[in-house]
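Dropping model30.pdb in here (PDB, C-alpha atoms):
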ATOM      1  CA  MET S 149      -7.675 -24.339   1.585
ATOM      2  CA  ARG S 150      -5.916 -21.291   3.006
ATOM      3  CA  LYS S 151      -7.721 -21.690   6.329
ATOM      4  CA  CYS S 152      -6.721 -25.367   6.498
ATOM      5  CA  ALA S 153      -3.125 -24.462   5.734
ATOM      6  CA  PHE S 154      -3.048 -21.889   8.517
ATOM      7  CA  THR S 155      -4.761 -24.222  10.997
ATOM      8  CA  THR S 156      -2.236 -26.973  10.313
ATOM      9  CA  ALA S 157       0.725 -24.590  10.385
ATOM     10  CA  ILE S 158      -0.379 -22.945  13.619
ATOM     11  CA  THR S 159      -0.971 -26.280  15.357
ATOM     12  CA  ILE S 160       2.389 -27.725  14.292
ATOM     13  CA  LEU S 161       4.261 -24.582  15.296
ATOM     14  CA  CYS S 162       2.657 -24.439  18.719
ATOM     15  CA  LEU S 163       3.619 -28.061  19.320
ATOM     16  CA  PHE S 164       7.138 -27.450  18.008
ATOM     17  CA  VAL S 165       7.808 -24.381  20.140
ATOM     18  CA  GLY S 166       6.073 -25.795  23.199
ATOM     19  CA  PHE S 167       5.418 -24.357  26.628
ATOM     20  CA  GLY S 168       8.752 -22.624  26.988
ATOM     21  CA  MET S 169       7.749 -19.529  25.049
ATOM     22  CA  ALA S 170       4.188 -19.153  26.350
ATOM     23  CA  SER S 171       3.240 -15.956  28.156
ATOM     24  CA  ALA S 172       2.694 -15.710  31.870
ATOM     25  CA  ALA S 173      -1.049 -16.024  31.267
ATOM     26  CA  ASP S 174      -0.476 -19.281  29.353
ATOM     27  CA  VAL S 175      -1.661 -17.879  26.052
ATOM     28  CA  PHE S 176       0.357 -18.790  22.972
ATOM     29  CA  LYS S 177       0.732 -15.609  20.904
ATOM     30  CA  ILE S 178       1.164 -15.743  17.136
ATOM     31  CA  GLY S 179       1.954 -12.682  15.034
ATOM     32  CA  GLY S 180       0.104 -12.335  11.738
ATOM     33  CA  LEU S 181       1.686 -10.088   9.089
ATOM     34  CA  VAL S 182      -1.014  -8.897   6.677
ATOM     35  CA  PRO S 183      -0.920  -6.258   3.873
ATOM     36  CA  ILE S 184      -4.016  -4.432   5.131
ATOM     37  CA  THR S 185      -2.981  -1.376   3.106
ATOM     38  CA  GLY S 186      -0.817  -0.954   0.015
ATOM     39  CA  THR S 187      -0.762  -2.603  -3.404
ATOM     40  CA  GLN S 188      -1.851  -6.025  -2.130
ATOM     41  CA  ALA S 189      -4.581  -4.829   0.228
ATOM     42  CA  VAL S 190      -7.269  -6.383  -1.978
ATOM     43  CA  MET S 191      -6.056  -9.816  -0.854
ATOM     44  CA  ALA S 192      -5.518  -8.940   2.807
ATOM     45  CA  GLU S 193      -9.048  -9.671   3.974
ATOM     46  CA  ASP S 194      -8.799 -13.346   3.013
ATOM     47  CA  LEU S 195      -5.417 -13.661   4.726
ATOM     48  CA  ALA S 196      -6.637 -12.037   7.952
ATOM     49  CA  THR S 197      -9.851 -14.070   7.904
ATOM     50  CA  GLY S 198      -7.885 -17.284   7.426
ATOM     51  CA  LEU S 199      -5.708 -16.508  10.433
ATOM     52  CA  LYS S 200      -8.680 -15.687  12.660
ATOM     53  CA  LEU S 201     -10.636 -18.756  11.522
ATOM     54  CA  ALA S 202      -7.605 -20.905  12.280
ATOM     55  CA  GLU S 203      -7.387 -19.325  15.737
ATOM     56  CA  GLU S 204     -11.068 -20.065  16.396
ATOM     57  CA  GLU S 205     -10.799 -23.630  15.112
ATOM     58  CA  VAL S 206      -7.718 -24.478  17.167
ATOM     59  CA  ASN S 207      -9.157 -22.933  20.337
ATOM     60  CA  ALA S 208     -12.529 -24.653  19.827
ATOM     61  CA  ALA S 209     -10.653 -27.950  19.765
ATOM     62  CA  GLY S 210      -9.038 -27.190  23.119
ATOM     63  CA  GLY S 211      -6.048 -25.140  22.054
ATOM     64  CA  VAL S 212      -2.554 -26.577  21.820
ATOM     65  CA  LEU S 213      -0.680 -28.163  24.728
ATOM     66  CA  GLY S 214      -3.488 -27.025  26.994
ATOM     67  CA  MET S 215      -3.128 -23.385  25.969
ATOM     68  CA  PRO S 216      -5.420 -21.165  23.910
ATOM     69  CA  ILE S 217      -3.742 -19.352  21.035
ATOM     70  CA  LYS S 218      -4.081 -15.673  20.187
ATOM     71  CA  VAL S 219      -3.358 -14.273  16.721
ATOM     72  CA  ILE S 220      -2.256 -10.624  16.708
ATOM     73  CA  ILE S 221      -2.444  -9.031  13.259
ATOM     74  CA  GLU S 222      -0.257  -6.135  12.096
ATOM     75  CA  ASP S 223      -0.253  -4.250   8.781
ATOM     76  CA  THR S 224       2.854  -4.530   6.574
ATOM     77  CA  GLU S 225       1.485  -1.834   4.227
ATOM     78  CA  THR S 226       2.960  -4.004   1.420
ATOM     79  CA  ARG S 227       6.303  -2.221   1.942
ATOM     80  CA  PRO S 228       9.588  -3.498   3.414
ATOM     81  CA  ALA S 229      10.144  -0.799   6.076
ATOM     82  CA  PRO S 230       6.614  -0.869   7.578
ATOM     83  CA  GLY S 231       6.736  -4.655   7.334
ATOM     84  CA  MET S 232       9.883  -4.723   9.454
ATOM     85  CA  ASP S 233       8.298  -2.289  11.929
ATOM     86  CA  ALA S 234       5.256  -4.564  12.206
ATOM     87  CA  ALA S 235       7.447  -7.621  12.779
ATOM     88  CA  ARG S 236       9.530  -5.866  15.444
ATOM     89  CA  LYS S 237       6.388  -4.683  17.213
ATOM     90  CA  LEU S 238       4.972  -8.203  17.292
ATOM     91  CA  MET S 239       8.242  -9.656  18.607
ATOM     92  CA  ASP S 240       9.374  -6.923  21.006
ATOM     93  CA  VAL S 241       6.075  -5.481  22.289
ATOM     94  CA  ASP S 242       3.506  -8.248  21.900
ATOM     95  CA  LYS S 243       6.092 -10.960  22.663
ATOM     96  CA  VAL S 244       4.764 -13.423  20.101
ATOM     97  CA  SER S 245       6.382 -16.846  19.907
ATOM     98  CA  VAL S 246       5.834 -17.320  16.164
ATOM     99  CA  LEU S 247       5.266 -15.131  13.107
ATOM    100  CA  THR S 248       3.229 -16.064  10.055
ATOM    101  CA  GLY S 249       1.589 -14.341   7.112
ATOM    102  CA  GLY S 250       3.216 -12.130   4.540
ATOM    103  CA  PHE S 251       2.281 -11.721   0.890
ATOM    104  CA  SER S 252       5.186 -10.155  -0.971
ATOM    105  CA  SER S 253       8.650 -11.718  -1.181
ATOM    106  CA  GLY S 254      10.211  -8.247  -1.127
ATOM    107  CA  VAL S 255       8.468  -7.456   2.161
ATOM    108  CA  SER S 256       8.752 -10.875   3.768
ATOM    109  CA  LEU S 257      12.389 -11.725   2.995
ATOM    110  CA  PRO S 258      13.877  -9.071   5.353
ATOM    111  CA  ILE S 259      11.403 -10.212   8.010
ATOM    112  CA  ALA S 260      12.543 -13.808   7.544
ATOM    113  CA  LYS S 261      16.164 -12.758   8.062
ATOM    114  CA  LEU S 262      15.193 -10.825  11.205
ATOM    115  CA  CYS S 263      13.335 -13.851  12.581
ATOM    116  CA  GLN S 264      16.326 -16.068  11.868
ATOM    117  CA  SER S 265      18.653 -13.691  13.725
ATOM    118  CA  LYS S 266      16.305 -13.568  16.733
ATOM    119  CA  GLY S 267      15.545 -17.284  16.791
ATOM    120  CA  ILE S 268      11.832 -16.712  16.119
ATOM    121  CA  LEU S 269       9.993 -19.160  13.875
ATOM    122  CA  TYR S 270       8.420 -17.654  10.755
ATOM    123  CA  VAL S 271       5.901 -19.521   8.611
ATOM    124  CA  VAL S 272       5.887 -17.689   5.272
ATOM    125  CA  ALA S 273       2.302 -17.754   4.027
ATOM    126  CA  VAL S 274       2.293 -16.695   0.370
ATOM    127  CA  PRO S 275       5.743 -15.534  -0.892
ATOM    128  CA  THR S 276       7.543 -18.105  -3.033
ATOM    129  CA  SER S 277      11.042 -16.766  -3.748
ATOM    130  CA  PRO S 278      13.775 -19.452  -3.652
ATOM    131  CA  LEU S 279      15.813 -16.993  -1.562
ATOM    132  CA  PHE S 280      13.810 -18.026   1.508
ATOM    133  CA  GLU S 281      15.527 -21.414   1.360
ATOM    134  CA  GLU S 282      18.841 -19.704   2.070
ATOM    135  CA  VAL S 283      17.729 -17.825   5.207
ATOM    136  CA  GLY S 284      17.974 -20.589   7.784
ATOM    137  CA  ASP S 285      16.222 -23.230   9.829
ATOM    138  CA  HIS S 286      13.743 -20.887  11.526
ATOM    139  CA  VAL S 287      11.908 -20.132   8.269
ATOM    140  CA  PHE S 288       9.228 -22.419   6.831
ATOM    141  CA  MET S 289       7.115 -22.009   3.692
ATOM    142  CA  ILE S 290       3.527 -22.980   2.868
ATOM    143  CA  ASP S 291       3.285 -22.146  -0.843
ATOM    144  CA  VAL S 292       5.104 -23.710  -3.806
ATOM    145  CA  LEU S 293       8.526 -22.224  -4.616
ATOM    146  CA  ASP S 294       9.062 -20.264  -7.833
ATOM    147  CA  LYS S 295      11.475 -22.875  -9.159
ATOM    148  CA  PHE S 296       8.587 -25.337  -9.312
ATOM    149  CA  LYS S 297       6.082 -22.751 -10.552
ATOM    150  CA  GLY S 298       8.423 -21.702 -13.359
ATOM    151  CA  LYS S 299       8.706 -25.265 -14.613
ATOM    152  CA  ALA S 300       4.945 -25.803 -14.361
ATOM    153  CA  ILE S 301       4.258 -22.587 -16.324
ATOM    154  CA  VAL S 302       6.585 -23.643 -19.132
ATOM    155  CA  ASP S 303       5.329 -27.232 -19.228
ATOM    156  CA  LEU S 304       1.721 -26.037 -19.422
ATOM    157  CA  ALA S 305       2.398 -23.325 -22.013
ATOM    158  CA  MET S 306       4.334 -25.606 -24.340
ATOM    159  CA  ARG S 307       1.916 -28.491 -23.984
ATOM    160  CA  ASP S 308      -1.277 -26.481 -24.506
ATOM    161  CA  SER S 309      -0.028 -24.133 -27.210
ATOM    162  CA  GLY S 310       2.245 -26.438 -29.133
ATOM    163  CA  LYS S 311       4.450 -23.384 -29.722
ATOM    164  CA  LYS S 312       8.156 -22.843 -29.126
ATOM    165  CA  LYS S 313       8.255 -19.040 -29.272
ATOM    166  CA  PHE S 314       7.075 -17.041 -26.274
ATOM    167  CA  GLY S 315       6.791 -13.440 -25.111
ATOM    168  CA  LEU S 316       7.287 -12.802 -21.403
ATOM    169  CA  MET S 317       5.933 -10.104 -19.094
ATOM    170  CA  PHE S 318       6.768  -9.999 -15.385
ATOM    171  CA  MET S 319       6.394  -7.422 -12.619
ATOM    172  CA  ASN S 320       9.546  -5.768 -11.282
ATOM    173  CA  ASN S 321       9.604  -7.021  -7.702
ATOM    174  CA  ALA S 322      11.166  -9.917  -5.809
ATOM    175  CA  PHE S 323       8.370 -12.315  -6.729
ATOM    176  CA  GLY S 324       8.217 -11.336 -10.388
ATOM    177  CA  MET S 325      11.969 -11.413 -10.948
ATOM    178  CA  ALA S 326      12.410 -14.794  -9.266
ATOM    179  CA  LEU S 327       9.578 -16.292 -11.313
ATOM    180  CA  ARG S 328      10.943 -14.679 -14.490
ATOM    181  CA  GLU S 329      14.368 -16.234 -13.875
ATOM    182  CA  GLU S 330      12.909 -19.704 -13.375
ATOM    183  CA  THR S 331      10.619 -19.380 -16.407
ATOM    184  CA  ILE S 332      13.469 -18.296 -18.685
ATOM    185  CA  LYS S 333      15.665 -21.118 -17.391
ATOM    186  CA  ASN S 334      12.990 -23.711 -18.110
ATOM    187  CA  LEU S 335      12.124 -22.282 -21.536
ATOM    188  CA  LYS S 336      15.764 -22.479 -22.594
ATOM    189  CA  ALA S 337      16.093 -25.983 -21.183
ATOM    190  CA  GLN S 338      13.218 -27.098 -23.409
ATOM    191  CA  GLY S 339      14.590 -25.402 -26.513
ATOM    192  CA  ALA S 340      12.032 -22.594 -26.642
ATOM    193  CA  GLU S 341      12.750 -19.124 -28.033
ATOM    194  CA  ILE S 342      12.009 -15.959 -26.045
ATOM    195  CA  THR S 343      10.879 -13.319 -28.531
ATOM    196  CA  THR S 344      10.111 -10.533 -26.032
ATOM    197  CA  ASP S 345      11.025 -10.030 -22.381
ATOM    198  CA  VAL S 346       9.086  -7.176 -20.760
ATOM    199  CA  VAL S 347       9.512  -6.093 -17.134
ATOM    200  CA  TYR S 348       6.853  -3.713 -15.807
ATOM    201  CA  GLU S 349       6.552  -1.511 -12.728
ATOM    202  CA  LEU S 350       3.665  -1.761 -10.283
ATOM    203  CA  ASN S 351       1.184   1.054  -9.594
ATOM    204  CA  LYS S 352       1.232   2.544 -13.085
ATOM    205  CA  VAL S 353      -1.971   4.000 -14.499
ATOM    206  CA  ASP S 354      -1.313   2.825 -18.058
ATOM    207  CA  TYR S 355       0.481  -0.273 -19.356
ATOM    208  CA  LYS S 356      -0.109   0.385 -23.046
ATOM    209  CA  ALA S 357       3.612   0.793 -23.810
ATOM    210  CA  GLU S 358       4.501  -2.505 -22.143
ATOM    211  CA  LEU S 359       1.728  -4.349 -23.979
ATOM    212  CA  GLN S 360       2.799  -2.848 -27.296
ATOM    213  CA  ARG S 361       6.328  -4.125 -26.689
ATOM    214  CA  LEU S 362       4.992  -7.548 -25.764
ATOM    215  CA  PHE S 363       2.958  -7.912 -28.956
ATOM    216  CA  ALA S 364       5.296  -6.053 -31.310
TER     217      ALA S 364
END

Just give me the structure as structure tokens.
Amino acid sequence: MRKCAFTTAITILCLFVGFGMASAADVFKIGGLVPITGTQAVMAEDLATGLKLAEEEVNAAGGVLGMPIKVIIEDTETRPAPGMDAARKLMDVDKVSVLTGGFSSGVSLPIAKLCQSKGILYVVAVPTSPLFEEVGDHVFMIDVLDKFKGKAIVDLAMRDSGKKKFGLMFMNNAFGMALREETIKNLKAQGAEITTDVVYELNKVDYKAELQRLFA
């Protein structure tokens, strides 16, 4: 599914941008932002593989607008500053026409704003924060926004459990806080009671204290 999403996104973007931004060698360059290192590195291999498979599939079908595409992957390190460095390198050095990828909303949101300011299209691969909707018309999203995920979580929890009291536990980052906000909003809208609301930090060795609070 992820490969199909990237193949479709890459093809549409190449058609949308067109010949005007192709390199002198008539190769359409696409920048891929991947968390090769950092807290989300475990998922990076699938993301990078999806991008490369999409590149192979599009080129095997004759490329786009008569041009082959080339995906250039850079490591965001799952941190905002290195993510911005990777994006700038792809835009300023590699001269890509389009950026895609990204995994964390906290890393990808500043990149989206940079792309908007430079007039570079950015297809956000995985992040789902509603804040991306506010960036501008150069930013597109593949995944489902948190406002829809929050409602789905609440609908499923209330339907399957038959309960109206819930304990919450979300990670303290852009993704977790956006999803927490939408979940709380939907719980309240359906008359549910929030008994515990725990926010946890990433990269801790032990989460015993947070779990004790959740089940207290």

Could you tell me, as a PyMOL selection string, which residues have any atom at most 6 Å from (13.6, -24.2, -6.5), counting only C-alpha atoms?
-> chain S and resi 278+293+295-296

Using all atoms listed in the file, pick whichever of S:Val175, S:Met306, S:Ile301, S:Ile184 has the shortest atom-to-atom distance to S:Pro216.
-> S:Val175

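Take the candidates S:Lys312, S:Lys200, S:Arg236, S:Lys352 and check each one against S:Ile220 using only C-alpha atoms; the shortest distance goes to S:Lys200.
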
Quick one: everything within 12 Å of S:Leu362, counting all atoms listed in the file, minus sequence neighbours fewer than 4 positions away in the same chain. Send it as a list in words.
-> Phe314, Gly315, Leu316, Met317, Phe318, Ile342, Thr343, Thr344, Asp345, Val346, Val347, Tyr348, Tyr355, Lys356, Ala357 and Glu358 of chain S

Could you tell me how far atom CA of S:Lys177 lies from atom CA of S:Val244, in Å and to one decimal?
-> 4.7 Å

Of the candidates S:Phe176, S:Ala322, S:Leu247, S:Glu349, which one gets nearest to S:Gly211 if we count all atoms listed in the file?
->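 Smallest separation from S:Gly211 among the options: S:Phe176.
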
Selected residue of minimal separation from S:Gly179 among S:Arg227, S:Lys243, S:Lys311, S:Lys299, counting all atoms listed in the file =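 Under the stated criterion, the closest residue is S:Lys243.
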
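Between atom CA of S:Asn334 and atom CA of S:Ile290 there is a distance of 23.0 Å.
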
List as an mmCIF file with C-alpha atoms, keeping the file's coordinate frame the protein and nucleic acid residues near S:Ala273, meaning an atom at most 10 Å away when only C-alpha atoms are counted, but skip any in the same chain fewer than 2 places from it.
data_model
loop_
_atom_site.group_PDB
_atom_site.id
_atom_site.type_symbol
_atom_site.label_atom_id
_atom_site.label_comp_id
_atom_site.auth_asym_id
_atom_site.auth_seq_id
_atom_site.Cartn_x
_atom_site.Cartn_y
_atom_site.Cartn_z
ATOM 1 C CA ARG S 150 -5.916 -21.291 3.006
ATOM 2 C CA ALA S 153 -3.125 -24.462 5.734
ATOM 3 C CA PHE S 154 -3.048 -21.889 8.517
ATOM 4 C CA ALA S 157 0.725 -24.590 10.385
ATOM 5 C CA GLY S 180 0.104 -12.335 11.738
ATOM 6 C CA LEU S 181 1.686 -10.088 9.089
ATOM 7 C CA VAL S 182 -1.014 -8.897 6.677
ATOM 8 C CA LEU S 195 -5.417 -13.661 4.726
ATOM 9 C CA LEU S 247 5.266 -15.131 13.107
ATOM 10 C CA THR S 248 3.229 -16.064 10.055
ATOM 11 C CA GLY S 249 1.589 -14.341 7.112
ATOM 12 C CA GLY S 250 3.216 -12.130 4.540
ATOM 13 C CA PHE S 251 2.281 -11.721 0.890
ATOM 14 C CA SER S 252 5.186 -10.155 -0.971
ATOM 15 C CA SER S 256 8.752 -10.875 3.768
ATOM 16 C CA TYR S 270 8.420 -17.654 10.755
ATOM 17 C CA VAL S 271 5.901 -19.521 8.611
ATOM 18 C CA PRO S 275 5.743 -15.534 -0.892
ATOM 19 C CA THR S 276 7.543 -18.105 -3.033
ATOM 20 C CA PHE S 288 9.228 -22.419 6.831
ATOM 21 C CA MET S 289 7.115 -22.009 3.692
ATOM 22 C CA ILE S 290 3.527 -22.980 2.868
ATOM 23 C CA ASP S 291 3.285 -22.146 -0.843
#

Fix up stretch 318-345 of chain S with N, CA and C atoms, then write it as a PDB file, keeping the file's coordinate frame.
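The resulting file, result_5.pdb, is reproduced below:
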ATOM      1  N   PHE S 318       6.739  -9.785 -16.829  1.00  0.00           N
ATOM      2  CA  PHE S 318       6.768  -9.999 -15.385  1.00  0.00           C
ATOM      3  C   PHE S 318       6.893  -8.670 -14.647  1.00  0.00           C
ATOM      4  N   MET S 319       6.301  -8.620 -13.453  1.00  0.00           N
ATOM      5  CA  MET S 319       6.394  -7.422 -12.619  1.00  0.00           C
ATOM      6  C   MET S 319       7.790  -7.298 -12.011  1.00  0.00           C
ATOM      7  N   ASN S 320       8.212  -6.044 -11.811  1.00  0.00           N
ATOM      8  CA  ASN S 320       9.546  -5.768 -11.282  1.00  0.00           C
ATOM      9  C   ASN S 320       9.525  -5.724  -9.751  1.00  0.00           C
ATOM     10  N   ASN S 321       9.439  -6.895  -9.150  1.00  0.00           N
ATOM     11  CA  ASN S 321       9.604  -7.021  -7.702  1.00  0.00           C
ATOM     12  C   ASN S 321      10.233  -8.381  -7.418  1.00  0.00           C
ATOM     13  N   ALA S 322      10.446  -8.686  -6.152  1.00  0.00           N
ATOM     14  CA  ALA S 322      11.166  -9.917  -5.809  1.00  0.00           C
ATOM     15  C   ALA S 322      10.456 -11.155  -6.342  1.00  0.00           C
ATOM     16  N   PHE S 323       9.132 -11.171  -6.232  1.00  0.00           N
ATOM     17  CA  PHE S 323       8.370 -12.315  -6.729  1.00  0.00           C
ATOM     18  C   PHE S 323       8.475 -12.429  -8.243  1.00  0.00           C
ATOM     19  N   GLY S 324       8.205 -11.318  -8.934  1.00  0.00           N
ATOM     20  CA  GLY S 324       8.217 -11.336 -10.388  1.00  0.00           C
ATOM     21  C   GLY S 324       9.567 -11.699 -10.974  1.00  0.00           C
ATOM     22  N   MET S 325      10.635 -11.150 -10.407  1.00  0.00           N
ATOM     23  CA  MET S 325      11.969 -11.413 -10.948  1.00  0.00           C
ATOM     24  C   MET S 325      12.425 -12.853 -10.692  1.00  0.00           C
ATOM     25  N   ALA S 326      12.054 -13.400  -9.543  1.00  0.00           N
ATOM     26  CA  ALA S 326      12.410 -14.794  -9.266  1.00  0.00           C
ATOM     27  C   ALA S 326      11.658 -15.736 -10.202  1.00  0.00           C
ATOM     28  N   LEU S 327      10.370 -15.450 -10.422  1.00  0.00           N
ATOM     29  CA  LEU S 327       9.578 -16.292 -11.313  1.00  0.00           C
ATOM     30  C   LEU S 327      10.036 -16.136 -12.762  1.00  0.00           C
ATOM     31  N   ARG S 328      10.414 -14.920 -13.138  1.00  0.00           N
ATOM     32  CA  ARG S 328      10.943 -14.679 -14.490  1.00  0.00           C
ATOM     33  C   ARG S 328      12.207 -15.509 -14.721  1.00  0.00           C
ATOM     34  N   GLU S 329      13.113 -15.492 -13.747  1.00  0.00           N
ATOM     35  CA  GLU S 329      14.368 -16.234 -13.875  1.00  0.00           C
ATOM     36  C   GLU S 329      14.116 -17.726 -14.071  1.00  0.00           C
ATOM     37  N   GLU S 330      13.198 -18.273 -13.275  1.00  0.00           N
ATOM     38  CA  GLU S 330      12.909 -19.704 -13.375  1.00  0.00           C
ATOM     39  C   GLU S 330      12.204 -20.041 -14.686  1.00  0.00           C
ATOM     40  N   THR S 331      11.330 -19.145 -15.148  1.00  0.00           N
ATOM     41  CA  THR S 331      10.619 -19.380 -16.407  1.00  0.00           C
ATOM     42  C   THR S 331      11.587 -19.369 -17.585  1.00  0.00           C
ATOM     43  N   ILE S 332      12.474 -18.381 -17.608  1.00  0.00           N
ATOM     44  CA  ILE S 332      13.469 -18.296 -18.685  1.00  0.00           C
ATOM     45  C   ILE S 332      14.367 -19.531 -18.683  1.00  0.00           C
ATOM     46  N   LYS S 333      14.793 -19.944 -17.502  1.00  0.00           N
ATOM     47  CA  LYS S 333      15.665 -21.118 -17.391  1.00  0.00           C
ATOM     48  C   LYS S 333      14.984 -22.361 -17.960  1.00  0.00           C
ATOM     49  N   ASN S 334      13.709 -22.533 -17.643  1.00  0.00           N
ATOM     50  CA  ASN S 334      12.990 -23.711 -18.110  1.00  0.00           C
ATOM     51  C   ASN S 334      12.641 -23.634 -19.589  1.00  0.00           C
ATOM     52  N   LEU S 335      12.369 -22.433 -20.100  1.00  0.00           N
ATOM     53  CA  LEU S 335      12.124 -22.282 -21.536  1.00  0.00           C
ATOM     54  C   LEU S 335      13.366 -22.664 -22.337  1.00  0.00           C
ATOM     55  N   LYS S 336      14.510 -22.168 -21.897  1.00  0.00           N
ATOM     56  CA  LYS S 336      15.764 -22.479 -22.594  1.00  0.00           C
ATOM     57  C   LYS S 336      16.087 -23.966 -22.512  1.00  0.00           C
ATOM     58  N   ALA S 337      15.809 -24.557 -21.360  1.00  0.00           N
ATOM     59  CA  ALA S 337      16.093 -25.983 -21.183  1.00  0.00           C
ATOM     60  C   ALA S 337      15.267 -26.849 -22.126  1.00  0.00           C
ATOM     61  N   GLN S 338      14.087 -26.335 -22.515  1.00  0.00           N
ATOM     62  CA  GLN S 338      13.218 -27.098 -23.409  1.00  0.00           C
ATOM     63  C   GLN S 338      13.325 -26.630 -24.862  1.00  0.00           C
ATOM     64  N   GLY S 339      14.338 -25.812 -25.138  1.00  0.00           N
ATOM     65  CA  GLY S 339      14.590 -25.402 -26.513  1.00  0.00           C
ATOM     66  C   GLY S 339      13.651 -24.360 -27.058  1.00  0.00           C
ATOM     67  N   ALA S 340      12.955 -23.637 -26.195  1.00  0.00           N
ATOM     68  CA  ALA S 340      12.032 -22.594 -26.642  1.00  0.00           C
ATOM     69  C   ALA S 340      12.783 -21.291 -26.905  1.00  0.00           C
ATOM     70  N   GLU S 341      12.168 -20.429 -27.705  1.00  0.00           N
ATOM     71  CA  GLU S 341      12.750 -19.124 -28.033  1.00  0.00           C
ATOM     72  C   GLU S 341      11.953 -18.023 -27.338  1.00  0.00           C
ATOM     73  N   ILE S 342      12.660 -17.102 -26.698  1.00  0.00           N
ATOM     74  CA  ILE S 342      12.009 -15.959 -26.045  1.00  0.00           C
ATOM     75  C   ILE S 342      12.068 -14.782 -27.006  1.00  0.00           C
ATOM     76  N   THR S 343      10.922 -14.391 -27.533  1.00  0.00           N
ATOM     77  CA  THR S 343      10.879 -13.319 -28.531  1.00  0.00           C
ATOM     78  C   THR S 343      10.854 -11.936 -27.896  1.00  0.00           C
ATOM     79  N   THR S 344      10.219 -11.812 -26.736  1.00  0.00           N
ATOM     80  CA  THR S 344      10.111 -10.533 -26.032  1.00  0.00           C
ATOM     81  C   THR S 344      10.184 -10.778 -24.537  1.00  0.00           C
ATOM     82  N   ASP S 345      10.884  -9.904 -23.834  1.00  0.00           N
ATOM     83  CA  ASP S 345      11.025 -10.030 -22.381  1.00  0.00           C
ATOM     84  C   ASP S 345      10.748  -8.664 -21.767  1.00  0.00           C
TER      85      ASP S 345
END
